[in-house]
Amino acid sequence: MLDVLLNRRSVRQYTGEKIPAEKLEKILQAGLLSPSGRKRKPWEFVVVQETGTLMKLSHCRQGAAGMLENAGCAILVFADPEKTDVWTEDCSIAMSNMHLMADSLGLGSCWIQGRCRKAENEKSAEEVCRKILAVPDQYVLEAILSVGIWKEHPPAHTLEDIEIGKVHYEKF
């Protein structure tokens, strides 16, 4: 697991190739297997593979979603906030698990924050994504995971990179 964590990097440049179905299924399984508070599982995943829709989504965030143009797919994580007050944490765990699974399968991925962010047209990213994907009003956007065949994978982290000084024992 530590090797997966060291190797995982945000990848923003993709070849445009589609993601093999068996790899996409494993990424989604990793998200669906995520723990959630009181087992509420407030998330809903919307998988986008169609090139035209990915192009539209590439404008859903100011300066941050352009990589979707060449991604093999996007996985949007929405939540029903009525299910639990910790939906942001639950959806973040699911996003993280899918992010790690993508890298472990040799794919690139990048977390694109959606909640509390603006689109290029100054509307909320959530509003833009909801309209493009016909998401019912009760669901809120947490984030988007871009997934693709990477053009270049950044070098892995090393254990020397970690900030051990951020760890405190017994007292701060």
# chains A, B, ... in the order shown; residues from 1 in each chain; ligands from 1
>>> residues_around(residues="A:Met98", least_positions_apart="4", cutoff="8 Å", atoms="only C-alpha atoms", output="count of residues only")
6
>>> closest_atom_pairs(of="stretch 109-171 of chain A", to="stretch 8-13 of chain A", cutoff="10 Å", atoms="only C-alpha atoms", output="CSV")
residue,atom,partner,partner_atom,distance
A:Ser109,CA,A:Val11,CA,5.3
A:Cys110,CA,A:Ser10,CA,4.7
A:Trp111,CA,A:Ser10,CA,7.3
A:Ile112,CA,A:Ser10,CA,9.9
A:Ser146,CA,A:Arg12,CA,8.1
A:Val147,CA,A:Val11,CA,8.5
A:Gly148,CA,A:Gln13,CA,8.1
A:Ile149,CA,A:Gln13,CA,8.4
A:Trp150,CA,A:Gln13,CA,6.0
A:Lys151,CA,A:Gln13,CA,5.8
A:Glu152,CA,A:Gln13,CA,7.2
A:His153,CA,A:Val11,CA,6.7
A:Pro154,CA,A:Arg9,CA,6.5
A:Pro155,CA,A:Arg9,CA,8.0
A:Ala156,CA,A:Arg8,CA,7.0
A:His157,CA,A:Arg8,CA,8.0
>>> write_last_selection(atoms="N, CA and C atoms", output="PDB file, in the first residue's frame")
ATOM      1  N   SER A 109      -4.850  10.028 -12.970  1.00  0.00           N
ATOM      2  CA  SER A 109      -6.094  10.627 -12.507  1.00  0.00           C
ATOM      3  C   SER A 109      -5.787  11.926 -11.779  1.00  0.00           C
ATOM      4  N   CYS A 110      -6.814  12.749 -11.660  1.00  0.00           N
ATOM      5  CA  CYS A 110      -6.663  14.015 -10.959  1.00  0.00           C
ATOM      6  C   CYS A 110      -7.995  14.383 -10.307  1.00  0.00           C
ATOM      7  N   TRP A 111      -7.897  14.822  -9.060  1.00  0.00           N
ATOM      8  CA  TRP A 111      -9.061  15.281  -8.305  1.00  0.00           C
ATOM      9  C   TRP A 111      -9.356  16.715  -8.712  1.00  0.00           C
ATOM     10  N   ILE A 112     -10.554  16.960  -9.205  1.00  0.00           N
ATOM     11  CA  ILE A 112     -11.005  18.301  -9.569  1.00  0.00           C
ATOM     12  C   ILE A 112     -12.094  18.674  -8.565  1.00  0.00           C
ATOM     13  N   SER A 146     -10.847  12.993 -12.928  1.00  0.00           N
ATOM     14  CA  SER A 146     -10.484  12.754 -14.322  1.00  0.00           C
ATOM     15  C   SER A 146      -9.632  11.485 -14.331  1.00  0.00           C
ATOM     16  N   VAL A 147      -9.845  10.642 -15.319  1.00  0.00           N
ATOM     17  CA  VAL A 147      -9.079   9.395 -15.438  1.00  0.00           C
ATOM     18  C   VAL A 147      -8.646   9.263 -16.889  1.00  0.00           C
ATOM     19  N   GLY A 148      -7.383   8.892 -17.083  1.00  0.00           N
ATOM     20  CA  GLY A 148      -6.916   8.738 -18.451  1.00  0.00           C
ATOM     21  C   GLY A 148      -5.616   7.972 -18.557  1.00  0.00           C
ATOM     22  N   ILE A 149      -5.294   7.636 -19.785  1.00  0.00           N
ATOM     23  CA  ILE A 149      -3.996   7.041 -20.082  1.00  0.00           C
ATOM     24  C   ILE A 149      -3.018   8.222 -20.066  1.00  0.00           C
ATOM     25  N   TRP A 150      -2.082   8.194 -19.155  1.00  0.00           N
ATOM     26  CA  TRP A 150      -1.201   9.345 -18.989  1.00  0.00           C
ATOM     27  C   TRP A 150      -0.190   9.453 -20.119  1.00  0.00           C
ATOM     28  N   LYS A 151       0.110  10.702 -20.458  1.00  0.00           N
ATOM     29  CA  LYS A 151       1.186  10.964 -21.414  1.00  0.00           C
ATOM     30  C   LYS A 151       2.525  10.814 -20.718  1.00  0.00           C
ATOM     31  N   GLU A 152       2.575  11.320 -19.486  1.00  0.00           N
ATOM     32  CA  GLU A 152       3.797  11.237 -18.696  1.00  0.00           C
ATOM     33  C   GLU A 152       3.399  11.179 -17.234  1.00  0.00           C
ATOM     34  N   HIS A 153       3.965  10.223 -16.520  1.00  0.00           N
ATOM     35  CA  HIS A 153       3.663  10.092 -15.096  1.00  0.00           C
ATOM     36  C   HIS A 153       4.745  10.808 -14.298  1.00  0.00           C
ATOM     37  N   PRO A 154       4.346  11.755 -13.450  1.00  0.00           N
ATOM     38  CA  PRO A 154       5.353  12.437 -12.626  1.00  0.00           C
ATOM     39  C   PRO A 154       6.112  11.426 -11.770  1.00  0.00           C
ATOM     40  N   PRO A 155       7.338  11.738 -11.377  1.00  0.00           N
ATOM     41  CA  PRO A 155       8.109  10.810 -10.545  1.00  0.00           C
ATOM     42  C   PRO A 155       7.419  10.556  -9.211  1.00  0.00           C
ATOM     43  N   ALA A 156       7.627   9.378  -8.691  1.00  0.00           N
ATOM     44  CA  ALA A 156       7.034   8.996  -7.404  1.00  0.00           C
ATOM     45  C   ALA A 156       7.600   9.853  -6.283  1.00  0.00           C
ATOM     46  N   HIS A 157       6.813   9.979  -5.241  1.00  0.00           N
ATOM     47  CA  HIS A 157       7.308  10.611  -4.020  1.00  0.00           C
ATOM     48  C   HIS A 157       8.314   9.659  -3.374  1.00  0.00           C
TER      49      HIS A 157
END
>>> residues_around(residues="A:Asn121", least_positions_apart="6", cutoff="12 Å", atoms="only C-alpha atoms", output="number ranges by chain")
A: 59-63, 127-128
>>> write_last_selection(atoms="N, CA and C atoms", output="CSV table (one decimal), in the first residue's frame")
chain,number,residue,atom,x,y,z
A,59,HIS,N,-15.1,22.8,-19.0
A,59,HIS,CA,-15.4,24.2,-18.7
A,59,HIS,C,-16.1,24.4,-17.4
A,60,CYS,N,-16.3,23.4,-16.7
A,60,CYS,CA,-17.1,23.4,-15.4
A,60,CYS,C,-16.4,24.0,-14.3
A,61,ARG,N,-15.1,24.3,-14.4
A,61,ARG,CA,-14.3,24.9,-13.3
A,61,ARG,C,-13.3,25.9,-13.8
A,62,GLN,N,-13.3,27.0,-13.2
A,62,GLN,CA,-12.3,28.1,-13.6
A,62,GLN,C,-10.9,27.5,-13.5
A,63,GLY,N,-10.2,27.4,-14.6
A,63,GLY,CA,-8.8,27.1,-14.6
A,63,GLY,C,-8.4,25.7,-14.0
A,127,GLU,N,-23.8,23.7,-10.5
A,127,GLU,CA,-24.9,24.0,-11.4
A,127,GLU,C,-24.6,23.6,-12.8
A,128,VAL,N,-23.4,23.9,-13.3
A,128,VAL,CA,-23.0,23.6,-14.6
A,128,VAL,C,-23.1,22.0,-14.8
>>> select_by_dssp(residues="chain A", states="strand (DSSP E or B)", output="number ranges by chain")
A: 10, 14, 43-48, 73-79, 108-113, 118, 124, 140-148, 150
>>> write_last_selection(atoms="C-alpha atoms", output="CSV table (one decimal), in the first residue's frame")
chain,number,residue,atom,x,y,z
A,10,SER,CA,-2.1,14.0,-9.9
A,14,TYR,CA,-3.8,12.3,-21.1
A,43,TRP,CA,-22.6,9.2,-2.9
A,44,GLU,CA,-23.8,8.7,-6.5
A,45,PHE,CA,-21.3,8.4,-9.3
A,46,VAL,CA,-21.8,9.7,-12.8
A,47,VAL,CA,-19.4,8.2,-15.3
A,48,VAL,CA,-18.8,10.2,-18.4
A,73,CYS,CA,-13.4,9.4,-18.6
A,74,ALA,CA,-14.6,11.5,-15.7
A,75,ILE,CA,-16.3,10.2,-12.6
A,76,LEU,CA,-18.4,12.8,-10.9
A,77,VAL,CA,-19.2,12.2,-7.2
A,78,PHE,CA,-22.5,13.7,-6.1
A,79,ALA,CA,-24.1,13.2,-2.7
A,108,GLY,CA,-3.5,8.7,-14.5
A,109,SER,CA,-6.1,10.6,-12.5
A,110,CYS,CA,-6.7,14.0,-11.0
A,111,TRP,CA,-9.1,15.3,-8.3
A,112,ILE,CA,-11.0,18.3,-9.6
A,113,GLN,CA,-12.7,20.0,-6.7
A,118,LYS,CA,-17.1,28.5,-9.9
A,124,SER,CA,-21.3,27.3,-9.7
A,140,VAL,CA,-24.8,18.2,-4.5
A,141,LEU,CA,-21.4,17.9,-6.2
A,142,GLU,CA,-18.3,17.0,-4.2
A,143,ALA,CA,-15.7,16.5,-6.9
A,144,ILE,CA,-14.7,15.1,-10.3
A,145,LEU,CA,-12.1,12.5,-10.9
A,146,SER,CA,-10.5,12.8,-14.3
A,147,VAL,CA,-9.1,9.4,-15.4
A,148,GLY,CA,-6.9,8.7,-18.5
A,150,TRP,CA,-1.2,9.3,-19.0
>>> closest_residue(among="A:Met1, A:Ala119, A:Leu6, A:Leu68", to="A:Asp161", atoms="only C-alpha atoms")
A:Leu6
>>> closest_residue(among="A:Thr84, A:Gln49, A:Gln138, A:Ser96", to="A:Leu33", atoms="only C-alpha atoms")
A:Ser96
>>> atom_distance(atom1="atom CA of A:Ala71", atom2="atom CA of A:Gly16")
5.4 Å
